[in-house]
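Participant: Please find one structure pasted underneath; my questions will follow.
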Amino acid sequence: MKNLEFRTATSAQGGLVVMSDVPGVAAGSRVQLRDHAGRIRSGQVIRTANDTVLVEVFEGTDALDLERTWVRFLDEPFKLPVSRDMLGRVFNGSGLPRDGRPPIISADRRDVNGEPLNPAARAYPREFIQTGISAIDGMNALTRGQKLPIFSGGGLPHNRVAAQIVRQAKLLGEEASEFVVVFAAIGASHADARFFQESFEESGVLNKVVMFLNLADEPVIERLLTPRAALTAAEYLAFDLDYHVLVVMTDMTAYAEALREVAVLRGDVPARKGYPGYLYSDLAELYERAGRIQNHHGSITLIPVLSMPSDDITHPIPDLTGYITEGQIVLGRELANQGIYPPVTVLPSLSRLMKDGIGKNFTREDHPHVASQLFASYAKALDVRGLAAIIGAEDLSDSDRRYLQFAEAFERQFIGQGEDEDRNVHETLNLAWDLLSMLPHDALTRVSEDELAKYHKGVVA
Amino acid sequence: MGIILEVNGPLVKLELPQTVIGEQVRVGRIGLIGEVISRDGNTALAQLYEDTAGLCPGEEAEGLGWPLSVELGPGLLGAIFDGVQRPLQAVREKSGDRIARGVSVPALPRDTRWHFVPNPERRAGSALVGGDVLGTVQETESIQHRILVPPLIHGELLELAPEGDHTLKDVIARVKQADGRIEKLHLFHRWPVRTPRPYKQRDHAVAPLITGQRILDTFFPLLKGGKAAIPGPFGAGKTMLQQQIVRWCNAEIVIFVGCGERGNELTDVLEFMPKLKDPHTGRPLMQRTLMVANSSNMPVVAREASIYVGITLAEYFRDQGYDVVMVADSTSRWAEALREVSGRLGHMPVEEGYPAYLGSRLAAFYERAGRVKTLAGEHGSVTLIGSVSPPGGDFSEPVTSHTKEIVQTFWALSKELADARHYPAVDWLESFSGYVGSAAKWWAENIDSKWESARAEALDLLGASEELQRVVNLVGVEALSSEQRWTLESADLIKEGLLQQSAIDDADSFATPEKQFALLAAFLEINHLGMKLVKLGAPARRLIQMPLMAQARRWKNQHPSDDIAGLKAKIAAIPDAFEPLLQEYTHPAAPSITGAAATGASTS
Ligand SMILES: Nc1ncnc2c1ncn2[C@@H]1O[C@H](COP(=O)(O)OP(=O)(O)OP(=O)(O)O)[C@@H](O)[C@H]1O
Ligand SMILES: [Mg+2]
C-alpha cells in the first residue's frame, strides 16, 4: 500500500482532508501528501472506512489543490528517529531539522504516541531536585520524575522562571552532568524561542539540549505533534540512555487551542468553553509520560508552561492540567507588578510530591514543618493585610502589625530573588527561620518545640 | 465471523450479524478486545478497551459470546488489575514496562496451588444453592477466601473435592442442576460486571466505618454499607483522603479503583501498602487490599469499565460475608469516559456534553453499595466512596450535583482550606452525613454517651465562628466582645487541634475513636472554662495568651493513639491552667493586671 499514490481527495478544510475510495487504510497510519508544487506534507489517518478516509495534515491544508494532490499511506504511525545525536540539535514540530544540519539517521524509530506505562512498573519519584529558587525549594519542592507545570499569564516572566530552573536544577550530592533538557516550543513567538536558545547558549548547555520548535506562525495542527515528538525523544534519552531529562513545554495553551480547532472540524461534542470532552485524556497522555521506571536509572521531569486565559485558574486548560499534574507553580500579576521576581503566588501553588522528597534523609529534618508554617503564617498575614486595607494599619493590634511586616519581608526576601541567584536549600531554610523569627513562639504551632528551640532566633515568648 | 467496516477512535463499526449488546468482541489481527454497544441490522458498533491504531477496515472480527466478566476466586488479594481485570504484574512480566496491545493473560494465576478445605456441612447428595460456601482457602494470613457456589447454580451436590491443594484448573465439585445438566465447579467462577450480584435481602447499615480521620468519623460519619462522595477541586486532597481510608479503615477488604487518575498515585499505594500494618489486626495491609488501575493515560473505554470491575469484586467479597470498602478515584473520569463514548455515538448531550442518562447510571452504580444478608445467610457490606473532580471546582456541575443527591455522606473539600494548608480540607459547612443518628448509637455504646451532643456543640461553635469571622474581616477583631473573641479562639483551637490532621504525621495520621473523642471533649472543656472566666470579666486576650492554648494545639501530634494515657493526663490538667485566672476573677478585690480591662468590654 505504501507504494501507491492516490489522487482521490474530495475535500480539504482547516487541516483535514477527506479521501474517497481507498480501501483498507490502517487507523492512525502516517500519510504523505504531495501537492501540485511537489511539496511534501505529512499527516495522519484519524478515521478510516473503505469508502472514506479522514486525514489530519500537520502542515495544514492551505493552497491544497485537490485535483493535484497525491496521497500515500505509509502503513505505520508517525515515528521519530532517535539517537544520541539529537542532543544539541533543533527540530521543527514534526521532528525535521531546522538548524540546517542533516536529519537524524537511525534505525531506531519510535511511535510518537508512545505506549502507556504499566503502573506496576513505575517507581515513585522521591528525589529532591534543588532549583535554587526559594519559593519552589522551600515550599513547593520539585522531585525527579514529577510533572509540575507553571501556571502563568500574558506578560508574566514564566519563560525566565523556566529558564532559571533549567540553568540551576541539580540533585543534592550528585554532579549535574547527568541532566539533559528537551525543550518544546508550541506556538511560541520567535522572541520566546530566541530567548530560550540564548539562555541555553549563555549557560553553555546547548549541547545538552534537544529543541522542538513550532512557532506561532507555523501550522497549528503541527502543534499536536510537537509535544509528542519531544516526549518521544525524552523517553529515549531517559529510559534507553539513562539520562535525567528535564522537559520544558511552552505554551500548553497553544496546544489545547490547536486541539480545539481540530475537534471543531471533526464535529466532536464540546464540553467546556468549546474544548472537546477528551481534552483531559489527551493532556494526560502527554503529561503521564513523565516519571521513573523501576530498574531504570533515567527519569523524565516535566515542566509544562501555560498561560491562563484572562488569568483564570478555573479555565479548562489550567484546570484540567492541575487535575493531571502533581501540583502547580502559580505566577501572579500582583507580585509581578510590585517588581517581585519570581512572582510565585505561594498559596495556590502546590507540589504534591514534595512530602516524599524532603525532610530528614533528603533535605533537612525541619523542612516539612517549616514549609507548613510558612504557608500558615503567610495565609494569616494576608488576612491581616486585607483587614488593614479596610480599617487602616494604625488600628491593628501589635500582633497583627507584626504579621504585616512578616508578609512584606516574606514577599521581598523569600519569594523575591535574583534571576541569577542560586540559593541552596539550607540557605532557603535559614532564610525561612529568619523570617519566622519575626513572629512569636506561640504563633508557630506547625513547627515542633524542639525545632523552635533550635532555629527560632527571636526572643522566647 | 465478522469484519471491520470503519475505525473511528476507540469505536469500531463491524459487520457482525447476530451479536447482542454487551457481547465481547475480538477485533483485528492483533486481537483487540472490546464490547458491542449498539446494533443496527447486520452492523454493530463496538468500543475497544485498547488503542485502535493500526486496525484496518476489512480485518476480521468475532463475537466471543459473553459479556465483560471478571474472574472471582483465590489470587485476587494483593493484586493490581487494569480496567478490564488484566493482572498488571503478570502483564508486565509478559510485555515489559509498557502495556503492549493485545496481550492476554488470565486474571487469576492458573498454576498457583491453593489449599482447599471443604465445608464439612456439604456432602454428596446434599442440596446446593447459589452463594453457598463449598469450602475455604486461606488466601492470606488475614483473609480466608470462601469458595462460593456461583449465584445462579442450584441443584444436588454430586461430589466435593477432599482437603488438599488445587489449582484453578481443577474441578472441585460437581453439581447436578434441576434440568439434569451436570455443572463442574472450580475454585473460581465468572460474573458479568454490569449485573449486580444477587443477595437475599437488604439490611440496615448499623456500624460506623472507622477511618481514623477525625473530621470524618467524629463530624460526618459513614456507615459500613453506606455511600459517600468526596468532591473537590484539584489539589484539595481527594486522593490523600481516600488513601488514608484505604490505609486505616476498619473494613476487612479494601478495593482501590484508580479511575483515570495518575499512574504515580497507584505506584504510591503499591509501594506503601506492603510496608504498612492494618491498625486493627496488625497484619500487612496488602493482604486485605486489591487494586483496579486505569490511569489517565490508559484507554478511556477500559476506564468506563473499571468501576464496574471494582464493584463486582467488592460484591464478591461481600457475598463471602465480609465488610468491603471500595474507593473510586475519580468518578468524574468515569463520567467523562461515558460522555466521550456517548458523544461518538451521537447521543444528544444535555448538560456540558453529558448524556441524559448520566444521573441514572450514577445512581445505579451507587445502588450497588449496601449492607445485605447474603445468599448464604450471613451479613456482608459494600461501602462505596467516590471522589468527584468538578471542573473549575464548581459543585453545580452535572456529576457533582447528581452525586450529591445520591450519597448519604458528602465530604466536600474546599480550595480555601487547602490553599491555607488546612488538611483534610473537608469543609464543615458544606459537608453532611445522613448517618449521624445510627453512628450516635455506636459511639454511645462504645466510646461515650456524650458524643452526639459534643459533636453538635462543636459544629455550632464552628458555625458561630464563621459569622464572627465575617465581622472581623470587615471591622477587625477589636470590635468583638470578649465572649465573641473567646468563641472565635475556641473554634480556632478545634480547627487546628482537632480538624487538621496531617496524613504524613506518623503520630496523628490515624486516630482511634478514643483519641478523637478525648480531644473533642478536651477542647469543649477549654471553651467552657474560658467562657466562664469571660463571664466573670476576664478579657479574652488574657485567655488567648495562656500557654495552654498553643500547647493544646500540639497534643494530637505528641500523643499517638497508643498513648491515650499521656493525652488524658494533659487533659486532666486543663483546669489547673485556668486556676490562676479563676482565682483572680472570682475574688473581685484582687488587683487586675494593667490592660486587663482593655478594649472590647466583656459582657457580664
Ligand atoms: N490529609 C492531608 N495531610 C497532609 N497533606 C495533605 C492532606 N490532604 C492533602 N494534602 C496535600 O495536598 C496535596 C494534594 O492532595 P491530593 O493529591 O489528594 O489532591 P486531589 O484532590 O486528589 O487532587 P486531584 O483532583 O488533582 O487528583 C497532597 O499532595 C498533599 O501535599
Ligand atoms: Mg487526586
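Identifiers in the C-alpha cells: chain A, B, ... in order shown; residue index from 1 per chain; ligand index from 1 in order shown.
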May I ask you to write as a ChimeraX atom specification all residues lying at most 12 Å from ligand 2, with only C-alpha atoms and all ligand atoms counted?
Facilitator: /A:320,322-327,352 /B:230-243,257-266,295-296,327-333,386-390,413
Participant: Env of Phe410 in chain A: 12 Å cut, atoms = only C-alpha atoms, seq-sep filter 5 positions within chain, self excluded. Answer as a PyMOL selection string.
Facilitator: chain A and resi 134-135+335+340+344-346+374-375+377-379+381-382+402-405+415-417+428+431-439
Participant: Store the residues picked out above in a file with N, CA and C atoms, as a compact mmCIF listing (two decimals), in the first residue's frame.
Facilitator:
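Dumped to selection_38.txt:
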```
# COMPACT_ATOMS: atom_id res chain seq x y z
N SER A 134 13.84 29.82 46.15
CA SER A 134 13.30 29.55 47.49
C SER A 134 11.82 29.21 47.48
N ALA A 135 11.04 29.95 46.67
CA ALA A 135 9.60 29.71 46.67
C ALA A 135 9.29 28.30 46.21
N LEU A 335 2.20 40.29 42.48
CA LEU A 335 3.61 40.30 42.89
C LEU A 335 4.48 40.86 41.78
N ILE A 340 8.42 42.02 42.11
CA ILE A 340 8.99 40.84 42.76
C ILE A 340 9.19 39.74 41.73
N VAL A 344 6.01 34.13 42.37
CA VAL A 344 5.31 32.88 42.69
C VAL A 344 4.26 33.16 43.76
N THR A 345 3.01 32.96 43.40
CA THR A 345 1.93 33.10 44.39
C THR A 345 1.87 31.78 45.14
N VAL A 346 2.33 31.81 46.37
CA VAL A 346 2.56 30.51 47.02
C VAL A 346 1.30 29.79 47.48
N LEU A 374 5.29 28.27 57.09
CA LEU A 374 5.32 29.43 56.20
C LEU A 374 3.97 29.63 55.53
N PHE A 375 3.37 28.52 55.07
CA PHE A 375 2.06 28.63 54.45
C PHE A 375 1.06 29.21 55.44
N SER A 377 1.49 30.91 58.27
CA SER A 377 1.74 32.28 58.73
C SER A 377 1.47 33.29 57.61
N TYR A 378 1.85 32.93 56.41
CA TYR A 378 1.64 33.86 55.30
C TYR A 378 0.14 33.98 55.01
N ALA A 379 -0.60 32.87 55.09
CA ALA A 379 -2.05 32.94 54.88
C ALA A 379 -2.68 33.88 55.90
N ALA A 381 -1.13 36.25 57.50
CA ALA A 381 -0.65 37.61 57.24
C ALA A 381 -1.46 38.27 56.12
N LEU A 382 -1.86 37.46 55.14
CA LEU A 382 -2.65 38.04 54.05
C LEU A 382 -4.04 38.45 54.54
N ARG A 402 2.80 42.91 63.37
CA ARG A 402 3.95 42.03 63.14
C ARG A 402 3.72 41.15 61.91
N TYR A 403 2.47 40.70 61.78
CA TYR A 403 2.15 39.88 60.62
C TYR A 403 2.30 40.66 59.32
N LEU A 404 1.91 41.96 59.38
CA LEU A 404 2.05 42.78 58.18
C LEU A 404 3.51 42.86 57.76
N GLN A 405 4.36 43.07 58.74
CA GLN A 405 5.79 43.16 58.44
C GLN A 405 6.32 41.83 57.92
N ILE A 415 10.36 35.12 48.68
CA ILE A 415 9.90 34.86 47.31
C ILE A 415 10.82 35.56 46.32
N GLY A 416 11.09 36.82 46.59
CA GLY A 416 11.90 37.60 45.66
C GLY A 416 13.35 37.15 45.68
N GLN A 417 13.93 37.01 44.54
CA GLN A 417 15.36 36.75 44.46
C GLN A 417 15.83 37.07 43.05
N THR A 428 17.85 28.56 51.88
CA THR A 428 16.41 28.81 51.83
C THR A 428 15.77 28.57 53.19
N LEU A 431 16.80 31.20 55.74
CA LEU A 431 16.09 32.44 55.45
C LEU A 431 14.66 32.34 56.00
N ALA A 432 14.06 31.18 55.84
CA ALA A 432 12.70 30.98 56.34
C ALA A 432 12.67 31.20 57.85
N TRP A 433 13.66 30.66 58.57
CA TRP A 433 13.69 30.85 60.03
C TRP A 433 13.92 32.30 60.41
N ASP A 434 14.76 33.00 59.63
CA ASP A 434 14.95 34.44 59.89
C ASP A 434 13.59 35.14 59.88
N LEU A 435 12.79 34.77 58.89
CA LEU A 435 11.51 35.45 58.75
C LEU A 435 10.51 34.99 59.81
N LEU A 436 10.48 33.68 60.06
CA LEU A 436 9.55 33.17 61.08
C LEU A 436 9.90 33.73 62.45
N SER A 437 11.16 34.08 62.63
CA SER A 437 11.57 34.63 63.92
C SER A 437 10.97 36.00 64.17
N MET A 438 10.38 36.59 63.16
CA MET A 438 9.66 37.86 63.36
C MET A 438 8.38 37.63 64.15
N LEU A 439 7.94 36.35 64.19
CA LEU A 439 6.69 36.03 64.87
C LEU A 439 7.00 35.32 66.19
```
Participant: Mind listing the strand (DSSP E) residues of range 288-431 of chain A, per DSSP on the backbone, as an mmCIF file with all heavy atoms, in the first residue's frame?
Facilitator:
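Result file is part_16.cif:
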```
data_model
loop_
_atom_site.group_PDB
_atom_site.id
_atom_site.type_symbol
_atom_site.label_atom_id
_atom_site.label_comp_id
_atom_site.auth_asym_id
_atom_site.auth_seq_id
_atom_site.Cartn_x
_atom_site.Cartn_y
_atom_site.Cartn_z
ATOM 1 N N GLY A 291 8.047 10.626 34.515
ATOM 2 C CA GLY A 291 8.131 9.687 35.614
ATOM 3 C C GLY A 291 9.412 8.890 35.654
ATOM 4 O O GLY A 291 10.388 9.207 34.971
ATOM 5 N N ARG A 292 9.384 7.890 36.503
ATOM 6 C CA ARG A 292 10.518 6.987 36.638
ATOM 7 C C ARG A 292 10.030 5.559 36.477
ATOM 8 O O ARG A 292 8.855 5.271 36.695
ATOM 9 C CB ARG A 292 11.154 7.141 38.026
ATOM 10 C CG ARG A 292 11.779 8.514 38.261
ATOM 11 C CD ARG A 292 12.349 8.601 39.662
ATOM 12 N NE ARG A 292 13.219 7.474 39.900
ATOM 13 C CZ ARG A 292 13.306 6.829 41.070
ATOM 14 N NH1 ARG A 292 12.603 7.227 42.093
ATOM 15 N NH2 ARG A 292 14.128 5.810 41.217
ATOM 16 N N ILE A 293 10.919 4.682 36.082
ATOM 17 C CA ILE A 293 10.562 3.274 35.903
ATOM 18 C C ILE A 293 11.511 2.445 36.749
ATOM 19 O O ILE A 293 12.710 2.742 36.817
ATOM 20 C CB ILE A 293 10.691 2.861 34.414
ATOM 21 C CG1 ILE A 293 9.855 3.788 33.528
ATOM 22 C CG2 ILE A 293 10.268 1.407 34.220
ATOM 23 C CD1 ILE A 293 9.932 3.453 32.048
ATOM 24 N N SER A 299 15.189 9.411 34.165
ATOM 25 C CA SER A 299 13.880 9.890 34.603
ATOM 26 C C SER A 299 13.442 11.030 33.697
ATOM 27 O O SER A 299 14.274 11.652 33.038
ATOM 28 C CB SER A 299 13.982 10.406 36.040
ATOM 29 O OG SER A 299 14.879 11.500 36.093
ATOM 30 N N ILE A 300 12.154 11.266 33.668
ATOM 31 C CA ILE A 300 11.630 12.424 32.936
ATOM 32 C C ILE A 300 10.895 13.312 33.919
ATOM 33 O O ILE A 300 9.918 12.895 34.546
ATOM 34 C CB ILE A 300 10.654 12.005 31.819
ATOM 35 C CG1 ILE A 300 11.372 11.152 30.778
ATOM 36 C CG2 ILE A 300 10.037 13.237 31.156
ATOM 37 C CD1 ILE A 300 10.476 10.678 29.659
ATOM 38 N N THR A 301 11.402 14.510 34.089
ATOM 39 C CA THR A 301 10.751 15.507 34.924
ATOM 40 C C THR A 301 10.156 16.531 33.963
ATOM 41 O O THR A 301 10.850 17.006 33.065
ATOM 42 C CB THR A 301 11.772 16.182 35.854
ATOM 43 O OG1 THR A 301 12.467 15.144 36.569
ATOM 44 C CG2 THR A 301 11.098 17.124 36.827
ATOM 45 N N LEU A 302 8.885 16.809 34.156
ATOM 46 C CA LEU A 302 8.187 17.596 33.137
ATOM 47 C C LEU A 302 7.708 18.925 33.705
ATOM 48 O O LEU A 302 7.033 18.958 34.729
ATOM 49 C CB LEU A 302 6.995 16.768 32.643
ATOM 50 C CG LEU A 302 6.095 17.367 31.569
ATOM 51 C CD1 LEU A 302 6.886 17.688 30.313
ATOM 52 C CD2 LEU A 302 4.968 16.387 31.238
ATOM 53 N N ILE A 303 8.082 19.994 33.012
ATOM 54 C CA ILE A 303 7.609 21.319 33.415
ATOM 55 C C ILE A 303 6.852 21.955 32.251
ATOM 56 O O ILE A 303 7.435 22.642 31.423
ATOM 57 C CB ILE A 303 8.782 22.226 33.853
ATOM 58 C CG1 ILE A 303 9.565 21.518 34.952
ATOM 59 C CG2 ILE A 303 8.282 23.599 34.293
ATOM 60 C CD1 ILE A 303 10.634 22.354 35.586
ATOM 61 N N PRO A 304 5.544 21.705 32.170
ATOM 62 C CA PRO A 304 4.771 22.381 31.132
ATOM 63 C C PRO A 304 4.503 23.824 31.570
ATOM 64 O O PRO A 304 4.283 24.079 32.752
ATOM 65 C CB PRO A 304 3.452 21.603 31.078
ATOM 66 C CG PRO A 304 3.583 20.476 32.061
ATOM 67 C CD PRO A 304 4.708 20.811 32.977
ATOM 68 N N VAL A 305 4.565 24.723 30.638
ATOM 69 C CA VAL A 305 4.267 26.117 30.945
ATOM 70 C C VAL A 305 2.974 26.453 30.237
ATOM 71 O O VAL A 305 2.795 26.095 29.076
ATOM 72 C CB VAL A 305 5.396 27.032 30.433
ATOM 73 C CG1 VAL A 305 5.068 28.497 30.717
ATOM 74 C CG2 VAL A 305 6.727 26.653 31.070
ATOM 75 N N LEU A 306 2.069 27.114 30.937
ATOM 76 C CA LEU A 306 0.851 27.515 30.227
ATOM 77 C C LEU A 306 0.376 28.858 30.715
ATOM 78 O O LEU A 306 0.530 29.219 31.879
ATOM 79 C CB LEU A 306 -0.242 26.454 30.373
ATOM 80 C CG LEU A 306 -0.752 26.078 31.739
ATOM 81 C CD1 LEU A 306 -1.896 26.978 32.166
ATOM 82 C CD2 LEU A 306 -1.240 24.636 31.686
ATOM 83 N N SER A 307 -0.178 29.630 29.775
ATOM 84 C CA SER A 307 -0.729 30.908 30.187
ATOM 85 C C SER A 307 -2.220 30.719 30.400
ATOM 86 O O SER A 307 -2.909 30.119 29.590
ATOM 87 C CB SER A 307 -0.440 31.984 29.145
ATOM 88 O OG SER A 307 -0.666 31.489 27.865
ATOM 89 N N GLY A 327 0.757 18.922 41.049
ATOM 90 C CA GLY A 327 0.879 20.243 41.629
ATOM 91 C C GLY A 327 1.011 21.297 40.552
ATOM 92 O O GLY A 327 0.867 21.011 39.360
ATOM 93 N N GLN A 328 1.276 22.523 40.982
ATOM 94 C CA GLN A 328 1.433 23.618 40.043
ATOM 95 C C GLN A 328 2.152 24.773 40.725
ATOM 96 O O GLN A 328 2.010 24.964 41.927
ATOM 97 C CB GLN A 328 0.068 24.085 39.504
ATOM 98 C CG GLN A 328 -0.890 24.709 40.523
ATOM 99 C CD GLN A 328 -1.627 23.670 41.369
ATOM 100 O OE1 GLN A 328 -1.786 22.519 40.968
ATOM 101 N NE2 GLN A 328 -2.061 24.047 42.572
ATOM 102 N N ILE A 329 2.953 25.488 39.925
ATOM 103 C CA ILE A 329 3.582 26.717 40.407
ATOM 104 C C ILE A 329 2.799 27.850 39.756
ATOM 105 O O ILE A 329 2.757 27.942 38.530
ATOM 106 C CB ILE A 329 5.050 26.795 39.949
ATOM 107 C CG1 ILE A 329 5.837 25.579 40.440
ATOM 108 C CG2 ILE A 329 5.698 28.094 40.396
ATOM 109 C CD1 ILE A 329 6.033 25.504 41.927
ATOM 110 N N VAL A 330 2.160 28.689 40.580
ATOM 111 C CA VAL A 330 1.312 29.727 40.011
ATOM 112 C C VAL A 330 2.022 31.076 40.080
ATOM 113 O O VAL A 330 2.472 31.496 41.144
ATOM 114 C CB VAL A 330 -0.033 29.811 40.769
ATOM 115 C CG1 VAL A 330 -0.948 30.845 40.125
ATOM 116 C CG2 VAL A 330 -0.703 28.447 40.808
ATOM 117 N N LEU A 350 1.456 24.447 44.650
ATOM 118 C CA LEU A 350 1.493 23.193 45.415
ATOM 119 C C LEU A 350 2.397 22.214 44.698
ATOM 120 O O LEU A 350 2.377 22.121 43.480
ATOM 121 C CB LEU A 350 0.070 22.614 45.471
ATOM 122 C CG LEU A 350 -0.117 21.186 46.004
ATOM 123 C CD1 LEU A 350 0.119 21.147 47.496
ATOM 124 C CD2 LEU A 350 -1.526 20.679 45.706
ATOM 125 N N SER A 351 3.220 21.539 45.473
ATOM 126 C CA SER A 351 3.920 20.400 44.890
ATOM 127 C C SER A 351 3.503 19.177 45.666
ATOM 128 O O SER A 351 3.767 19.054 46.848
ATOM 129 C CB SER A 351 5.429 20.562 44.987
ATOM 130 O OG SER A 351 6.022 19.300 44.742
#
```
Participant: Please provide as a list of chain:residue names all residues within 8 Å of range 498-502 of chain B, with the sequence filter that same-chain residues fewer than 4 positions apart are discarded (counting only C-alpha atoms).
Facilitator: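 With the cut-off at 8 Å, the set is B:Gln213, B:Arg214, B:Ile215, B:His422, B:Tyr423, B:Pro424, B:Leu493, B:Ile494, B:Asp508, B:Ser509, B:Gln516, B:Leu519, B:Leu520, B:Arg553, B:Lys556.
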Participant: Please identify all polymer residues within 12 Å of Leu384 in chain B, counting only C-alpha atoms, omitting same-chain residues fewer than 6 positions from it, and present them as number ranges by chain.
Facilitator: B: 209, 222-230, 242, 245-246, 251, 254-257, 307, 310-312, 314-315, 323-329, 331, 363, 365-371, 406-410
Participant: Select, from A:Ala169, A:Val55, A:Ala121, A:Met308, the residue with the minimum atom-to-atom distance to chain B, counting only C-alpha atoms.
Facilitator: A:Ala121
Participant: Looking at only C-alpha atoms and all ligand atoms, which of B:Pro349, B:Pro560, B:Gly530, B:Gly212 is the one that sits closest to ligand 1?
Facilitator: B:Gly212
Participant: For chain B, which of A:Phe239, A:Trp70, A:Phe151, A:Phe58 is the closest residue, counting only C-alpha atoms?
Facilitator: A:Phe239
Participant: Please provide the set of residues having any atom within 10 Å of Ile104 in chain A, restricted to only C-alpha atoms, with same-chain residues fewer than 5 positions apart removed, written as a list in words.
Facilitator: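 Here the qualifying residues turn out to be Leu80, Pro81, Val82, Ser83, Arg84, Asp85, Met86, Arg89, Phe91, Gly95, Leu96 and Pro97 of chain A.
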Participant: Create the file for the chosen residues now, containing all heavy atoms and written as an mmCIF file, in the first residue's frame.
Facilitator:
```
data_model
loop_
_atom_site.group_PDB
_atom_site.id
_atom_site.type_symbol
_atom_site.label_atom_id
_atom_site.label_comp_id
_atom_site.auth_asym_id
_atom_site.auth_seq_id
_atom_site.Cartn_x
_atom_site.Cartn_y
_atom_site.Cartn_z
ATOM 1 N N LEU A 80 9.498 8.859 15.115
ATOM 2 C CA LEU A 80 10.623 9.777 15.242
ATOM 3 C C LEU A 80 11.902 8.954 15.324
ATOM 4 O O LEU A 80 12.018 8.066 16.164
ATOM 5 C CB LEU A 80 10.470 10.597 16.523
ATOM 6 C CG LEU A 80 11.523 11.687 16.754
ATOM 7 C CD1 LEU A 80 11.180 12.920 15.918
ATOM 8 C CD2 LEU A 80 11.590 12.070 18.231
ATOM 9 N N PRO A 81 12.866 9.223 14.419
ATOM 10 C CA PRO A 81 14.144 8.527 14.555
ATOM 11 C C PRO A 81 14.862 9.065 15.790
ATOM 12 O O PRO A 81 14.923 10.279 15.993
ATOM 13 C CB PRO A 81 14.914 8.894 13.279
ATOM 14 C CG PRO A 81 14.183 10.032 12.672
ATOM 15 C CD PRO A 81 12.842 10.171 13.305
ATOM 16 N N VAL A 82 15.361 8.170 16.630
ATOM 17 C CA VAL A 82 16.009 8.626 17.859
ATOM 18 C C VAL A 82 17.463 8.160 17.905
ATOM 19 O O VAL A 82 17.800 7.072 17.458
ATOM 20 C CB VAL A 82 15.278 8.098 19.111
ATOM 21 C CG1 VAL A 82 13.926 8.767 19.270
ATOM 22 C CG2 VAL A 82 15.108 6.589 19.058
ATOM 23 N N SER A 83 18.310 9.045 18.433
ATOM 24 C CA SER A 83 19.707 8.668 18.641
ATOM 25 C C SER A 83 20.335 9.699 19.564
ATOM 26 O O SER A 83 19.766 10.762 19.817
ATOM 27 C CB SER A 83 20.461 8.597 17.304
ATOM 28 O OG SER A 83 21.271 9.729 17.132
ATOM 29 N N ARG A 84 21.488 9.368 20.067
ATOM 30 C CA ARG A 84 22.201 10.289 20.944
ATOM 31 C C ARG A 84 22.519 11.605 20.237
ATOM 32 O O ARG A 84 22.651 12.661 20.868
ATOM 33 C CB ARG A 84 23.491 9.622 21.407
ATOM 34 C CG ARG A 84 24.167 10.258 22.584
ATOM 35 C CD ARG A 84 25.466 9.536 22.904
ATOM 36 N NE ARG A 84 25.260 8.187 23.423
ATOM 37 C CZ ARG A 84 25.081 7.914 24.710
ATOM 38 N NH1 ARG A 84 25.089 8.877 25.591
ATOM 39 N NH2 ARG A 84 24.908 6.677 25.117
ATOM 40 N N ASP A 85 22.583 11.519 18.904
ATOM 41 C CA ASP A 85 22.917 12.717 18.125
ATOM 42 C C ASP A 85 21.841 13.796 18.189
ATOM 43 O O ASP A 85 22.045 14.901 17.672
ATOM 44 C CB ASP A 85 23.150 12.341 16.649
ATOM 45 C CG ASP A 85 24.286 11.345 16.505
ATOM 46 O OD1 ASP A 85 25.125 11.294 17.428
ATOM 47 O OD2 ASP A 85 24.315 10.623 15.491
ATOM 48 N N MET A 86 20.697 13.483 18.773
ATOM 49 C CA MET A 86 19.667 14.525 18.886
ATOM 50 C C MET A 86 20.135 15.656 19.797
ATOM 51 O O MET A 86 19.701 16.790 19.647
ATOM 52 C CB MET A 86 18.382 13.933 19.492
ATOM 53 C CG MET A 86 17.696 12.915 18.611
ATOM 54 S SD MET A 86 16.139 12.357 19.329
ATOM 55 C CE MET A 86 16.697 11.583 20.827
ATOM 56 N N ARG A 89 20.654 19.519 18.966
ATOM 57 C CA ARG A 89 20.000 19.807 17.691
ATOM 58 C C ARG A 89 18.682 20.557 17.872
ATOM 59 O O ARG A 89 18.078 20.553 18.942
ATOM 60 C CB ARG A 89 19.713 18.483 16.954
ATOM 61 C CG ARG A 89 20.946 17.657 16.620
ATOM 62 C CD ARG A 89 21.810 18.331 15.567
ATOM 63 N NE ARG A 89 21.037 18.710 14.393
ATOM 64 C CZ ARG A 89 20.816 17.930 13.338
ATOM 65 N NH1 ARG A 89 21.304 16.708 13.307
ATOM 66 N NH2 ARG A 89 20.105 18.369 12.311
ATOM 67 N N PHE A 91 14.890 20.935 16.030
ATOM 68 C CA PHE A 91 13.964 20.339 15.070
ATOM 69 C C PHE A 91 12.695 21.169 14.992
ATOM 70 O O PHE A 91 12.410 21.979 15.870
ATOM 71 C CB PHE A 91 13.591 18.916 15.505
ATOM 72 C CG PHE A 91 14.780 18.016 15.689
ATOM 73 C CD1 PHE A 91 15.321 17.816 16.955
ATOM 74 C CD2 PHE A 91 15.372 17.397 14.595
ATOM 75 C CE1 PHE A 91 16.425 16.998 17.130
ATOM 76 C CE2 PHE A 91 16.477 16.577 14.765
ATOM 77 C CZ PHE A 91 17.019 16.376 16.039
ATOM 78 N N GLY A 95 9.716 17.028 13.996
ATOM 79 C CA GLY A 95 10.968 16.303 14.178
ATOM 80 C C GLY A 95 11.936 16.408 13.016
ATOM 81 O O GLY A 95 12.932 15.673 12.975
ATOM 82 N N LEU A 96 11.680 17.315 12.078
ATOM 83 C CA LEU A 96 12.655 17.517 10.997
ATOM 84 C C LEU A 96 13.626 18.618 11.397
ATOM 85 O O LEU A 96 13.250 19.558 12.084
ATOM 86 C CB LEU A 96 11.930 17.897 9.697
ATOM 87 C CG LEU A 96 10.991 16.806 9.171
ATOM 88 C CD1 LEU A 96 10.186 17.318 7.975
ATOM 89 C CD2 LEU A 96 11.783 15.557 8.813
ATOM 90 N N PRO A 97 14.886 18.520 10.952
ATOM 91 C CA PRO A 97 15.876 19.509 11.389
ATOM 92 C C PRO A 97 15.479 20.910 10.945
ATOM 93 O O PRO A 97 14.965 21.083 9.850
ATOM 94 C CB PRO A 97 17.149 19.085 10.655
ATOM 95 C CG PRO A 97 16.914 17.710 10.190
ATOM 96 C CD PRO A 97 15.461 17.507 10.068
#
```
Participant: Give as a ChimeraX atom specification every residue of chain A that touches chain B within 7 Å, counting only C-alpha atoms.
Facilitator: /A:24-29,46-50,115-124,269-272,277-278,281,284-285,288,314-315,319,322-324,327,347-348,375-376,379,387,390-391,442,445
Participant: I want to know what sits within 6 Å of Glu222 in chain A, based on only C-alpha atoms, with residues of the same chain fewer than 2 positions away left out; could you give that as a list in words?
Facilitator: Phe58, Gly93, Pro219, Val220, Leu224 and Leu225 of chain A
